[in-house]
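Enquirer: Dropping in run-v2.cif, which is mmCIF, C-alpha atoms and all ligand atoms:
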```
data_structure
#
loop_
_atom_site.label_atom_id
_atom_site.label_comp_id
_atom_site.auth_asym_id
_atom_site.auth_seq_id
_atom_site.Cartn_x
_atom_site.Cartn_y
_atom_site.Cartn_z
CA MET A 554 14.20 -134.04 1.95
CA ASN A 555 13.54 -135.94 5.18
CA ASP A 556 10.14 -137.55 5.86
CA LEU A 557 8.86 -134.71 7.99
CA ALA A 558 9.79 -132.09 5.42
CA ALA A 559 8.08 -134.18 2.73
CA VAL A 560 4.89 -134.34 4.79
CA SER A 561 4.82 -130.61 5.46
CA ALA A 562 5.52 -129.88 1.79
CA ARG A 563 2.49 -132.01 0.88
CA GLU A 564 0.38 -130.15 3.43
CA ASP A 565 1.49 -126.81 2.06
CA LYS A 566 0.48 -127.83 -1.44
CA PRO A 567 -2.41 -130.24 -1.03
CA GLU A 568 -3.10 -132.42 -4.02
CA ALA A 569 -6.13 -131.25 -5.95
CA PHE A 570 -9.26 -133.11 -4.97
CA ASP A 571 -10.25 -135.41 -7.83
CA ALA A 572 -13.97 -134.71 -8.20
CA GLU A 573 -14.10 -136.52 -11.56
CA ARG A 574 -12.90 -139.73 -9.93
CA VAL A 575 -15.25 -139.40 -6.95
CA ARG A 576 -18.22 -138.81 -9.27
CA ARG A 577 -17.78 -142.33 -10.57
CA ASP A 578 -18.81 -143.66 -7.12
CA PHE A 579 -22.30 -142.17 -7.65
CA PRO A 580 -24.24 -144.09 -10.31
CA ILE A 581 -27.10 -141.59 -10.49
CA LEU A 582 -24.76 -138.86 -11.75
CA GLN A 583 -23.93 -140.86 -14.90
CA GLN A 584 -27.19 -140.07 -16.67
CA GLN A 585 -28.75 -137.61 -19.07
CA VAL A 586 -31.74 -135.52 -18.06
CA ASN A 587 -33.75 -133.84 -20.80
CA GLY A 588 -31.09 -134.76 -23.34
CA GLN A 589 -28.17 -133.29 -21.34
CA PRO A 590 -25.71 -134.79 -18.87
CA LEU A 591 -27.20 -134.26 -15.42
CA VAL A 592 -25.83 -131.37 -13.36
CA TYR A 593 -27.04 -132.05 -9.84
CA LEU A 594 -26.96 -128.88 -7.73
CA ASP A 595 -29.65 -129.73 -5.19
CA ASN A 596 -27.38 -131.19 -2.54
CA ALA A 597 -28.81 -129.14 0.31
CA ALA A 598 -32.17 -130.86 -0.31
CA THR A 599 -30.61 -134.30 -0.46
CA THR A 600 -27.24 -135.72 -1.47
CA GLN A 601 -26.76 -138.61 -3.88
CA LYS A 602 -25.74 -142.07 -2.71
CA PRO A 603 -22.51 -143.84 -3.55
CA GLU A 604 -22.60 -147.39 -4.90
CA CYS A 605 -21.38 -148.81 -1.54
CA VAL A 606 -24.43 -147.38 0.28
CA ILE A 607 -26.84 -148.78 -2.32
CA GLU A 608 -25.04 -152.14 -2.11
CA ALA A 609 -25.11 -152.23 1.71
CA ILE A 610 -28.89 -151.76 1.71
CA SER A 611 -29.47 -154.28 -1.04
CA ASP A 612 -27.10 -156.81 0.61
CA TYR A 613 -28.96 -156.48 3.87
CA TYR A 614 -32.29 -157.28 2.22
CA ARG A 615 -30.77 -160.09 0.13
CA HIS A 616 -28.90 -161.85 2.92
CA ASP A 617 -29.60 -160.61 6.45
CA ASN A 618 -33.14 -159.18 6.65
CA SER A 619 -34.60 -159.82 10.07
CA ASN A 620 -35.96 -157.85 12.99
CA VAL A 621 -33.32 -156.62 15.43
CA HIS A 622 -32.76 -157.39 19.12
CA ARG A 623 -35.61 -159.89 19.37
CA GLY A 624 -34.88 -162.94 17.25
CA ALA A 625 -33.28 -166.17 18.39
CA HIS A 626 -31.76 -167.06 15.04
CA THR A 627 -28.75 -166.34 12.85
CA LEU A 628 -30.32 -163.72 10.61
CA ALA A 629 -31.56 -161.76 13.63
CA ASP A 630 -28.07 -161.90 15.11
CA ARG A 631 -26.53 -160.65 11.87
CA ALA A 632 -29.07 -157.84 11.50
CA THR A 633 -28.57 -156.79 15.13
CA ALA A 634 -24.78 -156.84 14.79
CA ALA A 635 -24.92 -154.67 11.65
CA PHE A 636 -27.49 -152.32 13.22
CA GLU A 637 -25.55 -151.80 16.46
CA GLY A 638 -22.27 -151.71 14.53
CA ALA A 639 -23.63 -148.74 12.56
CA ARG A 640 -24.48 -146.99 15.83
CA ARG A 641 -20.85 -147.36 16.94
CA LYS A 642 -19.65 -146.06 13.56
CA VAL A 643 -21.88 -142.98 13.82
CA ALA A 644 -20.84 -142.35 17.45
CA ASP A 645 -17.22 -142.52 16.39
CA PHE A 646 -17.90 -140.34 13.33
CA ILE A 647 -19.30 -137.45 15.40
CA HIS A 648 -16.98 -138.21 18.35
CA ALA A 649 -19.79 -138.96 20.81
CA ALA A 650 -18.53 -140.24 24.17
CA SER A 651 -20.63 -143.43 23.82
CA PRO A 652 -22.90 -145.16 21.27
CA GLU A 653 -25.83 -144.98 23.72
CA GLN A 654 -25.89 -141.24 23.08
CA VAL A 655 -26.73 -141.87 19.41
CA ILE A 656 -30.49 -142.26 19.03
CA TRP A 657 -32.01 -143.22 15.70
CA THR A 658 -34.80 -141.00 14.46
CA ARG A 659 -36.46 -140.56 11.06
CA GLY A 660 -34.29 -137.50 10.46
CA THR A 661 -33.45 -134.02 11.69
CA THR A 662 -37.12 -133.08 11.93
CA GLU A 663 -38.06 -135.98 14.16
CA ALA A 664 -34.95 -135.50 16.30
CA ILE A 665 -35.88 -131.85 17.00
CA ASN A 666 -39.49 -132.84 17.70
CA LEU A 667 -38.23 -135.49 20.12
CA VAL A 668 -36.19 -132.96 22.11
CA ALA A 669 -38.83 -130.23 21.95
CA SER A 670 -41.51 -132.63 23.15
CA SER A 671 -39.62 -134.74 25.70
CA TRP A 672 -37.14 -132.22 27.12
CA GLY A 673 -39.49 -129.28 26.54
CA HIS A 674 -42.55 -130.73 28.28
CA SER A 675 -40.55 -131.75 31.33
CA GLU A 676 -38.33 -128.66 31.60
CA LEU A 677 -40.20 -125.59 30.32
CA ARG A 678 -42.31 -123.36 32.54
CA PRO A 679 -44.44 -120.25 31.82
CA GLY A 680 -42.22 -117.28 31.01
CA ASP A 681 -39.25 -119.43 29.93
CA ARG A 682 -37.61 -118.35 26.69
CA ILE A 683 -36.49 -120.41 23.69
CA LEU A 684 -34.17 -118.62 21.25
CA VAL A 685 -33.93 -119.68 17.62
CA SER A 686 -32.22 -117.74 14.84
CA ALA A 687 -34.23 -115.84 12.24
CA MET A 688 -32.69 -118.02 9.51
CA GLU A 689 -33.83 -121.39 10.92
CA HIS A 690 -35.46 -124.10 8.88
CA HIS A 691 -39.14 -124.52 9.82
CA SER A 692 -38.26 -127.78 11.54
CA ASN A 693 -36.20 -125.84 14.07
CA ILE A 694 -38.97 -123.30 14.68
CA VAL A 695 -42.34 -125.04 14.66
CA PRO A 696 -41.62 -127.86 17.19
CA TRP A 697 -40.54 -125.16 19.65
CA GLN A 698 -43.69 -123.14 18.94
CA ILE A 699 -45.79 -126.22 19.62
CA VAL A 700 -44.13 -126.99 22.95
CA ALA A 701 -44.22 -123.28 23.86
CA SER A 702 -47.98 -123.20 23.31
CA HIS A 703 -48.39 -126.08 25.78
CA THR A 704 -45.98 -124.87 28.44
CA GLY A 705 -46.34 -121.08 28.42
CA ALA A 706 -42.76 -120.63 27.18
CA ARG A 707 -41.96 -118.11 24.41
CA VAL A 708 -40.06 -118.54 21.14
CA GLU A 709 -37.95 -115.54 20.14
CA ALA A 710 -35.85 -114.95 17.03
CA ILE A 711 -32.17 -113.98 17.21
CA PRO A 712 -31.73 -111.28 14.54
CA VAL A 713 -29.81 -111.86 11.33
CA ASP A 714 -28.26 -108.94 9.41
CA SER A 715 -28.68 -108.06 5.73
CA SER A 716 -25.76 -110.30 4.72
CA GLY A 717 -27.41 -113.27 6.41
CA THR A 718 -25.01 -113.27 9.38
CA LEU A 719 -26.27 -113.91 12.91
CA ASP A 720 -26.13 -110.77 15.05
CA ILE A 721 -24.01 -112.08 17.90
CA GLN A 722 -24.22 -108.81 19.89
CA ALA A 723 -28.01 -108.92 19.73
CA PHE A 724 -27.85 -112.56 20.83
CA GLU A 725 -25.70 -111.62 23.80
CA ALA A 726 -28.17 -108.88 24.77
CA MET A 727 -31.06 -111.38 24.64
CA LEU A 728 -29.45 -113.83 27.05
CA ASP A 729 -30.72 -113.97 30.61
CA GLY A 730 -31.65 -116.60 33.19
CA LYS A 731 -35.06 -117.14 31.55
CA VAL A 732 -33.47 -118.48 28.36
CA ARG A 733 -33.70 -122.26 28.68
CA MET A 734 -32.93 -123.37 25.13
CA VAL A 735 -30.99 -121.98 22.19
CA ALA A 736 -31.82 -123.93 19.01
CA ILE A 737 -29.51 -123.00 16.18
CA GLY A 738 -28.61 -124.27 12.74
CA HIS A 739 -24.93 -125.09 12.23
CA VAL A 740 -25.39 -124.04 8.58
CA SER A 741 -28.39 -122.26 7.06
CA ASN A 742 -29.93 -124.30 4.24
CA ALA A 743 -31.42 -121.16 2.65
CA LEU A 744 -28.33 -118.91 2.77
CA GLY A 745 -25.32 -121.15 3.42
CA THR A 746 -24.27 -119.10 6.46
CA VAL A 747 -22.10 -121.01 8.95
CA ASN A 748 -23.03 -120.02 12.50
CA PRO A 749 -20.36 -119.66 15.22
CA VAL A 750 -21.66 -122.58 17.23
CA VAL A 751 -18.76 -122.86 19.71
CA GLU A 752 -19.22 -119.22 20.71
CA ILE A 753 -23.01 -119.59 20.89
CA VAL A 754 -22.72 -122.67 23.12
CA ARG A 755 -20.30 -120.90 25.44
CA MET A 756 -22.54 -117.84 25.73
CA ALA A 757 -25.72 -119.88 26.23
CA HIS A 758 -24.14 -122.12 28.86
CA ALA A 759 -23.00 -119.05 30.79
CA VAL A 760 -26.67 -118.26 31.53
CA GLY A 761 -27.62 -121.91 32.14
CA ALA A 762 -29.37 -122.44 28.78
CA ARG A 763 -29.18 -125.68 26.77
CA VAL A 764 -28.14 -125.68 23.11
CA LEU A 765 -29.51 -127.82 20.31
CA VAL A 766 -27.53 -127.63 17.07
CA ASP A 767 -29.31 -128.51 13.83
CA GLY A 768 -26.45 -130.07 11.88
CA ALA A 769 -28.50 -131.11 8.82
CA GLN A 770 -26.43 -128.90 6.50
CA ALA A 771 -23.07 -129.38 8.21
CA VAL A 772 -22.39 -133.14 8.41
CA GLY A 773 -22.11 -133.51 4.63
CA HIS A 774 -19.42 -130.83 4.41
CA TRP A 775 -16.98 -131.33 7.25
CA GLN A 776 -16.11 -133.48 10.23
CA VAL A 777 -18.31 -132.61 13.21
CA ASP A 778 -17.06 -133.21 16.76
CA VAL A 779 -19.94 -132.95 19.24
CA GLN A 780 -17.65 -132.97 22.27
CA SER A 781 -15.51 -130.11 21.08
CA LEU A 782 -18.64 -128.14 20.14
CA ASP A 783 -19.80 -128.86 23.71
CA CYS A 784 -23.44 -128.70 22.59
CA ASP A 785 -26.21 -130.44 24.52
CA PHE A 786 -27.96 -131.91 21.48
CA TYR A 787 -26.83 -132.33 17.87
CA VAL A 788 -29.24 -133.55 15.20
CA PHE A 789 -28.84 -134.52 11.55
CA SER A 790 -30.28 -136.53 8.66
CA SER A 791 -28.55 -139.42 6.91
CA HIS A 792 -29.84 -138.40 3.48
CA LYS A 793 -27.84 -135.15 3.55
CA MET A 794 -24.61 -137.05 4.16
CA PHE A 795 -24.81 -139.59 1.31
CA GLY A 796 -26.89 -142.12 3.26
CA PRO A 797 -30.51 -143.19 2.73
CA THR A 798 -33.66 -141.21 3.52
CA GLY A 799 -35.88 -142.04 6.51
CA ILE A 800 -33.09 -142.21 9.08
CA GLY A 801 -31.36 -139.61 11.19
CA VAL A 802 -29.64 -139.04 14.49
CA LEU A 803 -30.23 -137.36 17.79
CA TYR A 804 -27.02 -137.03 19.80
CA GLY A 805 -27.48 -135.81 23.35
CA ARG A 806 -25.55 -135.25 26.52
CA ARG A 807 -26.01 -138.42 28.55
CA GLU A 808 -27.38 -136.88 31.76
CA LEU A 809 -30.01 -134.97 29.78
CA LEU A 810 -31.09 -138.03 27.77
CA ASP A 811 -31.20 -140.09 30.96
CA ALA A 812 -33.49 -137.55 32.63
CA MET A 813 -35.81 -137.08 29.63
CA PRO A 814 -39.12 -139.02 29.50
CA PRO A 815 -39.85 -141.28 26.49
CA TYR A 816 -41.10 -139.58 23.34
CA GLN A 817 -43.19 -142.47 22.02
CA GLY A 818 -44.41 -145.65 23.68
CA GLY A 819 -44.34 -149.15 22.21
CA GLY A 820 -42.12 -152.18 21.79
CA GLU A 821 -38.39 -151.98 22.46
CA MET A 822 -38.56 -148.83 24.61
CA ILE A 823 -39.77 -150.69 27.71
CA GLU A 824 -38.08 -152.74 30.40
CA SER A 825 -41.31 -154.33 31.65
CA VAL A 826 -45.00 -153.68 31.04
CA SER A 827 -47.91 -154.34 33.33
CA PHE A 828 -51.23 -152.68 34.09
CA ALA A 829 -49.82 -151.80 37.49
CA GLY A 830 -47.11 -149.74 35.81
CA THR A 831 -44.50 -149.84 33.07
CA THR A 832 -40.78 -149.26 33.36
CA PHE A 833 -38.66 -147.97 30.53
CA ASN A 834 -35.60 -149.32 28.78
CA LYS A 835 -32.15 -147.77 29.10
CA LEU A 836 -30.52 -145.53 26.50
CA PRO A 837 -30.70 -145.47 23.55
CA TYR A 838 -33.69 -147.85 23.34
CA LYS A 839 -35.88 -145.68 25.60
CA PHE A 840 -36.31 -143.37 22.60
CA GLU A 841 -36.59 -146.05 19.90
CA ALA A 842 -40.14 -147.42 20.08
CA GLY A 843 -41.15 -149.91 17.40
CA THR A 844 -39.27 -151.63 14.60
CA PRO A 845 -36.63 -149.20 13.40
CA ASP A 846 -35.45 -148.48 9.86
CA ILE A 847 -32.85 -151.25 9.97
CA ALA A 848 -31.82 -150.99 6.32
CA GLY A 849 -31.59 -147.22 6.70
CA VAL A 850 -29.27 -147.54 9.70
CA ILE A 851 -27.06 -150.01 7.82
CA GLY A 852 -27.00 -147.68 4.80
CA LEU A 853 -26.01 -144.77 7.03
CA GLY A 854 -23.21 -146.90 8.48
CA ALA A 855 -21.97 -147.50 4.92
CA ALA A 856 -22.11 -143.75 4.21
CA VAL A 857 -19.95 -143.13 7.28
CA ASP A 858 -17.46 -145.74 6.01
CA TYR A 859 -17.43 -143.98 2.64
CA LEU A 860 -16.75 -140.58 4.21
CA LYS A 861 -14.03 -142.00 6.43
CA HIS A 862 -12.11 -143.04 3.34
CA LEU A 863 -12.62 -139.74 1.57
CA ASP A 864 -10.14 -136.87 1.71
CA ARG A 865 -12.59 -134.65 3.60
CA ALA A 866 -10.26 -131.68 3.94
CA GLY A 867 -9.65 -131.82 0.18
CA ALA A 868 -13.38 -132.21 -0.45
CA ALA A 869 -14.13 -129.14 1.69
CA ARG A 870 -11.50 -127.07 -0.13
CA HIS A 871 -12.94 -128.18 -3.46
CA GLU A 872 -16.50 -127.26 -2.42
CA GLN A 873 -15.29 -123.87 -1.21
CA ALA A 874 -13.51 -123.25 -4.52
CA LEU A 875 -16.73 -124.16 -6.38
CA LEU A 876 -18.73 -121.74 -4.24
CA GLU A 877 -16.25 -118.90 -4.75
CA TYR A 878 -16.17 -119.55 -8.51
CA ALA A 879 -19.99 -119.57 -8.65
CA GLN A 880 -20.22 -116.37 -6.58
CA LYS A 881 -17.79 -114.64 -8.92
CA LYS A 882 -19.77 -115.73 -11.97
CA ALA A 883 -22.99 -114.59 -10.29
CA GLN A 884 -21.62 -111.04 -9.99
CA ALA A 885 -21.38 -110.84 -13.78
CA VAL A 886 -25.04 -111.72 -14.41
CA PRO A 887 -27.17 -108.59 -14.92
CA GLY A 888 -30.13 -108.40 -12.54
CA LEU A 889 -28.91 -111.25 -10.32
CA ARG A 890 -28.96 -110.67 -6.56
CA VAL A 891 -27.30 -113.16 -4.25
CA ILE A 892 -29.29 -113.78 -1.06
CA GLY A 893 -26.87 -114.61 1.73
CA THR A 894 -23.47 -112.96 1.46
CA SER A 895 -22.06 -113.75 4.88
CA GLY A 896 -18.28 -113.92 5.17
CA HIS A 897 -18.55 -117.48 6.49
CA LYS A 898 -20.55 -119.60 4.08
CA VAL A 899 -20.56 -123.12 2.74
CA SER A 900 -21.97 -124.78 -0.39
CA VAL A 901 -25.04 -122.62 -1.07
CA LEU A 902 -25.61 -120.02 -3.79
CA SER A 903 -29.12 -118.64 -3.31
CA PHE A 904 -30.26 -115.91 -5.68
CA VAL A 905 -33.09 -114.04 -7.33
CA LEU A 906 -33.08 -112.77 -10.89
CA GLU A 907 -34.90 -109.65 -11.97
CA GLY A 908 -37.92 -110.48 -14.14
CA GLY A 909 -37.79 -114.22 -13.42
CA HIS A 910 -39.86 -116.05 -10.85
CA PRO A 911 -37.68 -118.69 -9.10
CA ALA A 912 -40.11 -121.47 -10.04
CA ASP A 913 -39.96 -120.54 -13.76
CA LEU A 914 -36.18 -120.37 -13.62
CA GLY A 915 -36.02 -123.79 -11.96
CA MET A 916 -38.09 -125.25 -14.78
CA LEU A 917 -35.98 -123.61 -17.48
CA LEU A 918 -32.79 -124.88 -15.86
CA ASP A 919 -34.23 -128.38 -15.54
CA GLN A 920 -34.99 -128.40 -19.26
CA GLN A 921 -31.24 -128.00 -19.74
CA GLY A 922 -30.37 -130.83 -17.35
CA VAL A 923 -29.52 -128.58 -14.38
CA ALA A 924 -31.22 -129.53 -11.09
CA VAL A 925 -31.62 -126.76 -8.50
CA ARG A 926 -34.14 -126.06 -5.74
CA THR A 927 -36.53 -123.13 -5.86
CA GLY A 928 -38.91 -121.67 -3.28
CA ASN A 929 -38.61 -120.57 0.33
CA HIS A 930 -36.53 -123.61 1.35
CA CYS A 931 -38.70 -124.11 4.46
CA ALA A 932 -37.26 -120.87 5.83
CA GLN A 933 -40.14 -118.43 5.34
CA PRO A 934 -39.14 -115.98 8.11
CA ILE A 935 -35.75 -115.22 6.53
CA MET A 936 -37.32 -114.93 3.05
CA ASP A 937 -39.80 -112.42 4.55
CA GLN A 938 -36.87 -110.48 6.04
CA PHE A 939 -35.26 -110.25 2.58
CA GLY A 940 -38.65 -109.24 1.14
CA ILE A 941 -38.78 -112.11 -1.34
CA PRO A 942 -41.05 -115.14 -1.72
CA GLY A 943 -38.14 -117.44 -2.44
CA THR A 944 -34.88 -117.99 -4.30
CA VAL A 945 -33.19 -120.25 -6.80
CA ARG A 946 -30.71 -122.28 -4.79
CA ALA A 947 -27.71 -124.08 -6.24
CA SER A 948 -25.99 -126.18 -3.60
CA PHE A 949 -22.71 -127.98 -4.13
CA SER A 950 -21.15 -131.19 -2.98
CA PHE A 951 -17.67 -132.62 -3.48
CA TYR A 952 -18.76 -134.54 -6.60
CA ASN A 953 -19.64 -131.31 -8.41
CA THR A 954 -17.16 -129.83 -10.85
CA PHE A 955 -16.25 -126.41 -12.22
CA ASP A 956 -17.88 -127.62 -15.43
CA ASP A 957 -21.15 -128.03 -13.46
CA VAL A 958 -20.90 -124.37 -12.41
CA ASP A 959 -20.27 -123.31 -16.01
CA ARG A 960 -23.29 -125.36 -17.11
CA LEU A 961 -25.45 -123.65 -14.45
CA PHE A 962 -24.51 -120.18 -15.66
CA ALA A 963 -24.81 -121.09 -19.36
CA ALA A 964 -28.30 -122.47 -18.63
CA LEU A 965 -29.16 -119.36 -16.64
CA GLU A 966 -28.06 -117.15 -19.54
CA LYS A 967 -30.34 -119.07 -21.90
CA ALA A 968 -33.19 -118.90 -19.38
CA ARG A 969 -32.67 -115.15 -19.04
CA GLN A 970 -33.00 -114.64 -22.79
CA PHE A 971 -36.18 -116.67 -22.70
CA LEU A 972 -37.58 -114.49 -19.92
CA VAL A 973 -36.93 -111.14 -21.61
N1 LIG B 1001 -32.76 -128.32 9.14
C1 LIG B 1001 -32.10 -127.93 8.06
C2 LIG B 1001 -31.09 -126.83 8.18
C3 LIG B 1001 -32.36 -128.51 6.83
O1 LIG B 1001 -31.71 -128.11 5.74
C4 LIG B 1001 -33.33 -129.53 6.74
C5 LIG B 1001 -33.67 -130.19 5.42
N2 LIG B 1001 -33.89 -129.29 4.38
C6 LIG B 1001 -33.98 -129.93 7.90
C7 LIG B 1001 -33.67 -129.30 9.08
C8 LIG B 1001 -34.99 -131.01 7.90
O2 LIG B 1001 -34.38 -132.23 7.59
P1 LIG B 1001 -35.24 -133.54 7.32
O3 LIG B 1001 -36.28 -133.15 6.31
O4 LIG B 1001 -34.24 -134.52 6.77
O5 LIG B 1001 -35.83 -133.96 8.61
#
```
Would you put the structure from the file into structure tokens?
Ligand code: PMP
Expert:
Amino acid sequence: MNDLAAVSAREDKPEAFDAERVRRDFPILQQQVNGQPLVYLDNAATTQKPECVIEAISDYYRHDNSNVHRGAHTLADRATAAFEGARRKVADFIHAASPEQVIWTRGTTEAINLVASSWGHSELRPGDRILVSAMEHHSNIVPWQIVASHTGARVEAIPVDSSGTLDIQAFEAMLDGKVRMVAIGHVSNALGTVNPVVEIVRMAHAVGARVLVDGAQAVGHWQVDVQSLDCDFYVFSSHKMFGPTGIGVLYGRRELLDAMPPYQGGGEMIESVSFAGTTFNKLPYKFEAGTPDIAGVIGLGAAVDYLKHLDRAGAARHEQALLEYAQKKAQAVPGLRVIGTSGHKVSVLSFVLEGGHPADLGMLLDQQGVAVRTGNHCAQPIMDQFGIPGTVRASFSFYNTFDDVDRLFAALEKARQFLV
């Protein structure tokens, strides 16, 4: 077999992703909870952190801790180099055209609030329309409602069908020249639905609207390329992609970010300050008032390094296989109804069980060492549409195993007996 044939044979039959080996990178997974080995299925809420991320943060505090950009000493230089190095890593990771288009925020929520407030206050006029999907997380609804209430714009929901799929025809019918912003989740945290973002961007741009993509639930599952999506803004949180909490990213198209006014005032975001008038710093610092979460940024950089060395295509196939296996098992459980059955889903199995309140089920599963999320998942409108107060949500990552899925359903069976 020549080299090329060998490569294509490997691609035809990809090696199985070794979840057992990858699990060993995550110290938290090696523990017992309530007398049982932990089964962590709450990855949509937050992912666990590999040793290298924990080490990067601890190393920074042990050896390099200093404020960035301002100091005239070695530690400040090291901290600044690591901090700006992480920005370049993240820019490269999402394929942004330049690092200045990567703005640090506290997370997805703050990034959306930044755009809604800064872009929204300067761009929106009475009668303008903002479209969000009916399955959005509250953080991609409420900031738009707030700016709408100040500007006279309106927030409208793009319908979602009974499988949890966005109604693209209805979306098309809603589009007109008054639509200024389409704010859409790449993946629904409550249902797992993957939205057709490329198509949405194309359709929105055709009427002159801007598109913000909430990538909180996407970046941990596959490689995102903001330029090929052609979106105007892309936002995500480090803690959902194996990095620390308290740090996230706003990516934006340069000309939009350049035109947007500052979101917060303070140190770092200025060029010069006087009582006669203040001028603002260039990108990205214009949007980064105050001392940032330096350790968080460095930890996120380490998470990016970790993901770059991971077989992401293999990881995605493994996660998909876990989801399909779990969905099949769910069909065999009497009284179980899966919420969110779209043909294009990732990672999330959301369900209700007859006779069991989600919160009680969550507790009974936890007693058996199985961690899931219960409730409305900050997506009350879509729960209302399904006529339920909330669900039990198991969400998978590449370090989960088929054994974890078996443990979930064994624990559910026990919980069910307890309920009847
Ligand atoms: N959007 C989606 C789709 C999410 O899943 C989440 C987190 N559950 C958020 C936004 C908010 O993210 P954060 O709390 O990290 O700001």
Enquirer: Counting only C-alpha atoms and all ligand atoms, what are the residues, protein, DNA or RNA alike, that approach ligand LIG 1001 (chain B) to within 8 Å? I want them as a VMD selection string.
Expert: chain A and resid 597 to 599 659 to 664 689 to 693 738 to 743 767 to 770 789 to 793 798 to 799 801 930 to 931
Enquirer: Figure out the distance between atom CA of A:Ile610 and atom CA of A:Ala848, please, to one decimal in Å.
Expert: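 Separation between atom CA of A:Ala848 and atom CA of A:Ile610: 5.5 Å.
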Enquirer: What's the 9 Å shell around A:Trp697, counting only C-alpha atoms, without same-chain residues fewer than 3 positions away, as an NGL selection string?
Expert: :A and (665-666 or 669-670 or 673 or 683 or 685 or 692-694 or 700-702 or 707-708 or 736)
Enquirer: Around all of stretch 906-925 of chain A's listed atoms, make the axis-aligned box with 5 Å on each side and tell me centre and edge lengths in Å to one decimal, as JSON.
Expert:
```
{"center_x": -34.8, "center_y": -120.2, "center_z": -14.1, "size_x": 20.6, "size_y": 31.2, "size_z": 21.2}
```
Enquirer: Pick out the residues sitting within 7 Å of stretch 880-892 of chain A, and hand them over as a PyMOL selection string; count all atoms listed in the file, and ignore anything fewer than 2 positions along from it in its own chain.
Expert: chain A and resi 744+876-878+894+903-907
Enquirer: From the options A:Val958, A:Met822, A:Val901, A:Val857, which residue's atoms come nearest to A:Val606, counting only C-alpha atoms?
Expert: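 Between A:Val958, A:Met822, A:Val901, A:Val857, the residue approaching A:Val606 most closely is A:Val857.
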Enquirer: Return the single residue from A:His774, A:His758, A:His626, A:Arg682 that is closest to A:Lys898, with distances computed using only C-alpha atoms.
Expert: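 Distance minimum relative to A:Lys898 lands on A:His774.
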Enquirer: Per residue of stretch 786-892 of chain A within 9 Å of stretch 948-956 of chain A, record the nearest atom pair and its distance in Å to one decimal, counting all atoms listed in the file, with rows in chain order and ascending residue number, as a Markdown table.
Expert:
```
| residue | atom | partner | partner_atom | distance |
| --- | --- | --- | --- | --- |
| A:Arg865 | CA | A:Phe951 | CA | 8.9 |
| A:Gly867 | CA | A:Phe951 | CA | 8.9 |
| A:Ala868 | CA | A:Phe951 | CA | 5.3 |
| A:Ala869 | CA | A:Phe951 | CA | 7.2 |
| A:Arg870 | CA | A:Phe951 | CA | 8.9 |
| A:His871 | CA | A:Phe951 | CA | 6.5 |
| A:Glu872 | CA | A:Phe951 | CA | 5.6 |
| A:Gln873 | CA | A:Phe949 | CA | 9.0 |
| A:Ala874 | CA | A:Phe955 | CA | 8.8 |
| A:Leu875 | CA | A:Phe955 | CA | 6.3 |
| A:Leu876 | CA | A:Phe949 | CA | 7.4 |
| A:Tyr878 | CA | A:Phe955 | CA | 7.8 |
| A:Ala879 | CA | A:Phe955 | CA | 8.6 |
```
Enquirer: Using only C-alpha atoms, can you tell me which of A:Pro696, A:Gly922, A:Leu684, A:Arg946 comes closest to A:Gln584?
Expert: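 Result for the nearest residue to A:Gln584: A:Gly922.
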Enquirer: For A:Gln601, which of A:Val925, A:Val621, A:Met794, A:Ala726 is the closest residue, counting all atoms listed in the file?
Expert: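 Result for the nearest residue to A:Gln601: A:Met794.
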Enquirer: May I have the residues within 8 Å of stretch 642-646 of chain A as a PDB file with C-alpha atoms, keeping the file's coordinate frame, using all atoms listed in the file and disregarding those fewer than 4 positions away in the same chain?
Expert:
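Listed below is the output, result16.pdb:
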```pdb
ATOM      1  CA  GLY A 638     -22.270-151.710  14.530  1.00  0.00           C
ATOM      2  CA  ALA A 650     -18.530-140.240  24.170  1.00  0.00           C
ATOM      3  CA  SER A 651     -20.630-143.430  23.820  1.00  0.00           C
ATOM      4  CA  PRO A 652     -22.900-145.160  21.270  1.00  0.00           C
ATOM      5  CA  GLN A 654     -25.890-141.240  23.080  1.00  0.00           C
ATOM      6  CA  VAL A 655     -26.730-141.870  19.410  1.00  0.00           C
ATOM      7  CA  GLN A 776     -16.110-133.480  10.230  1.00  0.00           C
ATOM      8  CA  VAL A 777     -18.310-132.610  13.210  1.00  0.00           C
ATOM      9  CA  ASP A 778     -17.060-133.210  16.760  1.00  0.00           C
ATOM     10  CA  GLY A 854     -23.210-146.900   8.480  1.00  0.00           C
ATOM     11  CA  VAL A 857     -19.950-143.130   7.280  1.00  0.00           C
ATOM     12  CA  ASP A 858     -17.460-145.740   6.010  1.00  0.00           C
TER      13      ASP A 858
END
```
Enquirer: Mind pulling up the distance from atom CA of A:Met813 to atom CA of A:Leu677?
Expert: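 Separation of atom CA of A:Leu677 and atom CA of A:Met813: 12.3 Å.
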Enquirer: State, in Å with one decimal place, the distance from atom CA of A:Val747 to atom CA of A:Gln938.
Expert: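 Spanning atom CA of A:Val747 to atom CA of A:Gln938 is a straight-line distance of 18.4 Å.
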Enquirer: With distances taken over all atoms listed in the file, which of A:Pro942, A:Gly717, A:Gly796, A:Gly819 is nearest to A:Ala856?
Expert: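 Under the stated criterion, the closest residue is A:Gly796.
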